Structures are given as C-alpha cells and as structure tokens.
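> Mind having a look at this structure? Questions to follow.
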Amino acid sequence: MRISIPAAVLAGCTTALLFQPTVAVADNAVAPAPRTSAGGGSVTSVALTSGGTVAPRATRSFELLGVVWDGSPKALAGGSVRVRTRDAVTGRWGDWHTLEADSVDGPDSLPHGGTAPLWAGRSNGVAVDVRPGPAGLPHGLRVELVDPGQGAASVESQPMPEHPAGPEALAAPRPGIVTRAGWGADESIREAGFVYTGAVRVTFLHHTATATDYACSDAPRIIRSIYQYHVQSNGWRDIGYNFLVDHCGTVYEGRAGGVDQPVLGAHTLGFNSNSSGIAAIGTFSSDAPPQELQDGLAKIAAWKLGLTGRQADGVSQLTSASDSSLYPKGTTVDFAPISGHRDGFATECPGEALYHRLPAIRDTAAALQR
C-alpha cells in the first residue's frame, strides 16, 4: 500500500518548510553495505557532500528515512534539512519535506546528532538538501534509508488478552497489547539489558507525525521502521517509546523490559525518568484523532498509571534532567499524569488536534480506574 504524505508529515513532531537547496546527495556517492535485521529489514547509509544542487538519485527500496551526523546533536542548530522521495510503484517524485534538525525525542544524553525520521512509504529514490547553520556542516552527514522488511519470525501475532490489574493498583483493566514479537521486532539489534526508573508518575503522549491514512495492518511496518532508525541510525539502546497506539486503537509494546515495569524510555528529553512515553501513530496537527485511537491511549495510560496507584486525573511531580527541556535541570515540575510532549519540551507534539483531546482522554482514563 502506498501511503500519501500530507504537507506536514514529519516524525518527531515537526513542521514543513521549503527553501532552495544548498547541499545534496552526490550522484556518485557509494553507500556501504546495509545493516540488516531479521525478516529482511535493513538500514542503508548514503553519504552527503557539500556543493551545489545534485539531481535526485536511485536507491535501494526503503520506507522511512532520516539524516544523521557525527558529533553534537546541536551541530545543525540554525540550519535546515529537507528530503524528497520517489514512489517505487508510480515512479513519481513527491514534494520536498523539511525534517526537524534539532532532536525533540530521545535519551537525555544523545550519542550523536540526527533529525526526526520521515515515513515515506515504499520508495526507491531520494534527494536530500541541507542548509548549514552558523557552525557549518557537521562531519559524517548521511541519509539513512530504512526498509522494515517482513519482521522477525514469530508465532505470536495477536494482541495479548486482557488481564485485571493487580490488587495494589487502581482498578483499570489491562488492555490487549501486541508484544514486540507480535510486530516483528528483531531483538538482536537492541542492547541486551534493560534500564528501569522509579515508579511511573506521568505518561507523555506523542504523535509519530507519520502519515494518517495507513491501514492498521501496516502499523507493524511503521513501528519496525521507527525501531530500526532509533537503534541502527541514532544509536539508541532500543525504540524510544514505551507504547504505541494505531488509529484502530490497537496498543503495541514499545521499548523492551516488561510492559508492567517502569522501563526507561527515550521520548521526552529531560523527563524520561519516572514516566512512560505513549505514541499515537499518525499526524494530528490538524487531523482529528479517531475515537478508537483516543480510547486506546486512555486505556494504556489508565492501566500503566494505575499499576502504582496514580490517578489519571490527578497531579504528579517530575524533576527536569536537562537544561534543553522547557525547565532548567533540577527544576521540580507539576504535570498532569496524562500530559503531552509539549508540556515538557518546546515542540508541537502531539499535534494541536490531539493535544486538545487530552482532557477527554484523561476523563476516559479516570473512569476506567474507578
């Protein structure tokens, strides 16, 4: 299925701008062998060069892409990155889309720089243009092309059955959760161990800012693509989100370590501890989130918060771990237990339309806990 891309479809909660290119993919650039994963997935790097405009080029097939570089995540501050892809089915080139060059998702200590990724659907051509900031172009600038493949083989492909919450928790039922095996995660590419924090006090809602007109049967491909980009391109230990929800309301396990455990995620810079990141698959800046999606978000948030007795309509406190968040490091902040990404970081995420639905989602979650 070809997924069309709206005017502002940028993973990681970004917006689209257009400008004249100053740097592009070299026609004669030689890509190294792709990094593979089980089920035919791969990530291919194509080096970028400085200079004038270069015509778009053919590539291996891919479905998601992003741009990364060596050194500081802030190396492209004041600059811009845009990409254009070719539809593998029709052969047509799409519009240019700007990627967020200053990471808004991620661990509190980033290994190197990278943009938010873009879900493009099945593609076989790319052009990338970079406008450097005051510091110039960073070293090792490259575009990462992700093919999610068919996923790692697994006998488990259905959501887990619902289970009642434990006796110590608020009485929110456990929703069905598609496990990592269910969406085809290749466990060999992530770090083997797990990192846990204190009890989850806040759930931060995000949108992946990918296309909204996908078939729900394609959600596992989107999740595998994000997973591979986060791990194999960005160098994170695992996918950044703890959970993801598609527009049919299906809940997916994100970062490994146990859905009922306080697994440290990489989703809200400065507030990754004592929190859980839940991503709505799609872009909800202007598109209204389907009711099924809202219900899925409410169900997983109510259950997750209820495990430690947190009321979905209460108030919780977190302490900032980064000066790059909305609050200086060490600042104690009051959050609603179901908050938006923008409540902790300067971003549009989870999109205006979804953010305005947070009060209703909190009400639904609170009712599930009673």
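Labels used: A, B, ... for chains in the order of the structure tokens, numbers from 1 for residues in each chain, and numbers from 1 for ligands as shown.
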I need the residues in range 57-264 of chain A that are strand (DSSP E or B) according to DSSP; give them as a count of residues only.

65

> Find the residues of range 236-331 of chain A that sit at most 8 Å from range 187-200 of chain A; for each, write down the nearest two atoms and how far apart they are in Å, to one decimal. Count only C-alpha atoms. Sort by chain, then by number going up, and give it as a tab-separated table.


```
residue	atom	partner	partner_atom	distance
A:Arg237	CA	A:Glu191	CA	5.1
A:Asp238	CA	A:Arg190	CA	5.2
A:Ala256	CA	A:Phe194	CA	7.3
A:Gly257	CA	A:Phe194	CA	5.7
A:Gln261	CA	A:Tyr196	CA	7.5
A:Pro262	CA	A:Tyr196	CA	5.5
A:Val263	CA	A:Tyr196	CA	4.5
A:Leu264	CA	A:Tyr196	CA	5.2
A:Ser273	CA	A:Thr197	CA	5.6
A:Asn274	CA	A:Val200	CA	4.4
A:Ser275	CA	A:Val200	CA	4.7
A:Ser276	CA	A:Val200	CA	6.5
A:Lys304	CA	A:Val200	CA	7.7
A:Leu305	CA	A:Val200	CA	6.5
A:Thr308	CA	A:Ala199	CA	6.7
```

> For the residues in that selection, give me N, CA and C atoms as a PDB file, in the first residue's frame.


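Dumped to again_7.pdb:
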```
ATOM      1  N   ARG A 237      19.518   2.642  22.587  1.00  0.00           N
ATOM      2  CA  ARG A 237      19.530   1.258  23.051  1.00  0.00           C
ATOM      3  C   ARG A 237      18.337   0.456  22.545  1.00  0.00           C
ATOM      4  N   ASP A 238      17.240   1.146  22.179  1.00  0.00           N
ATOM      5  CA  ASP A 238      16.002   0.481  21.774  1.00  0.00           C
ATOM      6  C   ASP A 238      15.097   1.557  21.181  1.00  0.00           C
ATOM      7  N   ALA A 256      11.611  -2.636  25.159  1.00  0.00           N
ATOM      8  CA  ALA A 256      11.603  -3.920  25.850  1.00  0.00           C
ATOM      9  C   ALA A 256      11.926  -3.751  27.330  1.00  0.00           C
ATOM     10  N   GLY A 257      11.500  -4.741  28.111  1.00  0.00           N
ATOM     11  CA  GLY A 257      11.808  -4.749  29.536  1.00  0.00           C
ATOM     12  C   GLY A 257      10.611  -5.083  30.397  1.00  0.00           C
ATOM     13  N   GLN A 261       6.545  -2.914  33.835  1.00  0.00           N
ATOM     14  CA  GLN A 261       7.713  -2.418  34.545  1.00  0.00           C
ATOM     15  C   GLN A 261       7.988  -0.957  34.188  1.00  0.00           C
ATOM     16  N   PRO A 262       8.674  -0.196  35.067  1.00  0.00           N
ATOM     17  CA  PRO A 262       8.997   1.209  34.786  1.00  0.00           C
ATOM     18  C   PRO A 262      10.240   1.323  33.909  1.00  0.00           C
ATOM     19  N   VAL A 263      10.127   0.914  32.658  1.00  0.00           N
ATOM     20  CA  VAL A 263      11.263   0.900  31.735  1.00  0.00           C
ATOM     21  C   VAL A 263      11.631   2.326  31.331  1.00  0.00           C
ATOM     22  N   LEU A 264      12.917   2.647  31.423  1.00  0.00           N
ATOM     23  CA  LEU A 264      13.399   3.961  30.997  1.00  0.00           C
ATOM     24  C   LEU A 264      13.258   4.087  29.489  1.00  0.00           C
ATOM     25  N   SER A 273      12.733   9.810  33.056  1.00  0.00           N
ATOM     26  CA  SER A 273      12.646   9.014  34.277  1.00  0.00           C
ATOM     27  C   SER A 273      11.277   9.176  34.929  1.00  0.00           C
ATOM     28  N   ASN A 274      10.794   8.082  35.551  1.00  0.00           N
ATOM     29  CA  ASN A 274       9.504   8.085  36.255  1.00  0.00           C
ATOM     30  C   ASN A 274       8.348   8.456  35.333  1.00  0.00           C
ATOM     31  N   SER A 275       8.494   8.126  34.059  1.00  0.00           N
ATOM     32  CA  SER A 275       7.440   8.431  33.093  1.00  0.00           C
ATOM     33  C   SER A 275       7.375   7.322  32.065  1.00  0.00           C
ATOM     34  N   SER A 276       6.334   7.360  31.249  1.00  0.00           N
ATOM     35  CA  SER A 276       6.168   6.393  30.167  1.00  0.00           C
ATOM     36  C   SER A 276       5.720   7.151  28.932  1.00  0.00           C
ATOM     37  N   LYS A 304      -1.377   1.760  32.959  1.00  0.00           N
ATOM     38  CA  LYS A 304       0.016   1.976  33.351  1.00  0.00           C
ATOM     39  C   LYS A 304       0.104   2.819  34.618  1.00  0.00           C
ATOM     40  N   LEU A 305      -0.641   3.897  34.692  1.00  0.00           N
ATOM     41  CA  LEU A 305      -0.635   4.736  35.884  1.00  0.00           C
ATOM     42  C   LEU A 305      -1.227   4.004  37.080  1.00  0.00           C
ATOM     43  N   THR A 308       0.690   1.695  39.870  1.00  0.00           N
ATOM     44  CA  THR A 308       1.293   2.240  41.089  1.00  0.00           C
ATOM     45  C   THR A 308       0.351   3.210  41.798  1.00  0.00           C
TER      46      THR A 308
END
```

> Smallest atom-to-atom distance to Ala302 in chain A: which of A:Leu170, A:Ala153, A:Ala336, A:Ile226, using only C-alpha atoms?

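Smallest separation from Ala302 in chain A among the options: A:Leu170.
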
> Can you tell me, as a count of residues only, what residues are no more than 12 Å from His207 in chain A when counting only C-alpha atoms, ignoring any on the same chain fewer than 6 positions away?

41

> Nearest residue to Pro56 in chain A out of A:Ser37, A:Asn124, A:Ser316, A:Ser72, using only C-alpha atoms?

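Of all the options, A:Asn124 lies closest to Pro56 in chain A.
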
> I want to know what sits within 8 Å of Phe62 in chain A, based on only C-alpha atoms, with residues of the same chain fewer than 3 positions away left out; could you give that as a list in words?

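Here the qualifying residues turn out to be Leu65, Gly121, Arg122, Ser123, Asn124, Leu145, Val146, Asp147 and Pro148 of chain A.
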
> Quick one: of A:Arg221, A:Arg357, A:Lys299, A:Arg362, who's nearest to Gln311 in chain A, counting only C-alpha atoms?

A:Arg362

> To one decimal in Å, tell me the separation between CA of Pro220 in chain A and CA of Arg174 in chain A.

20.9 Å
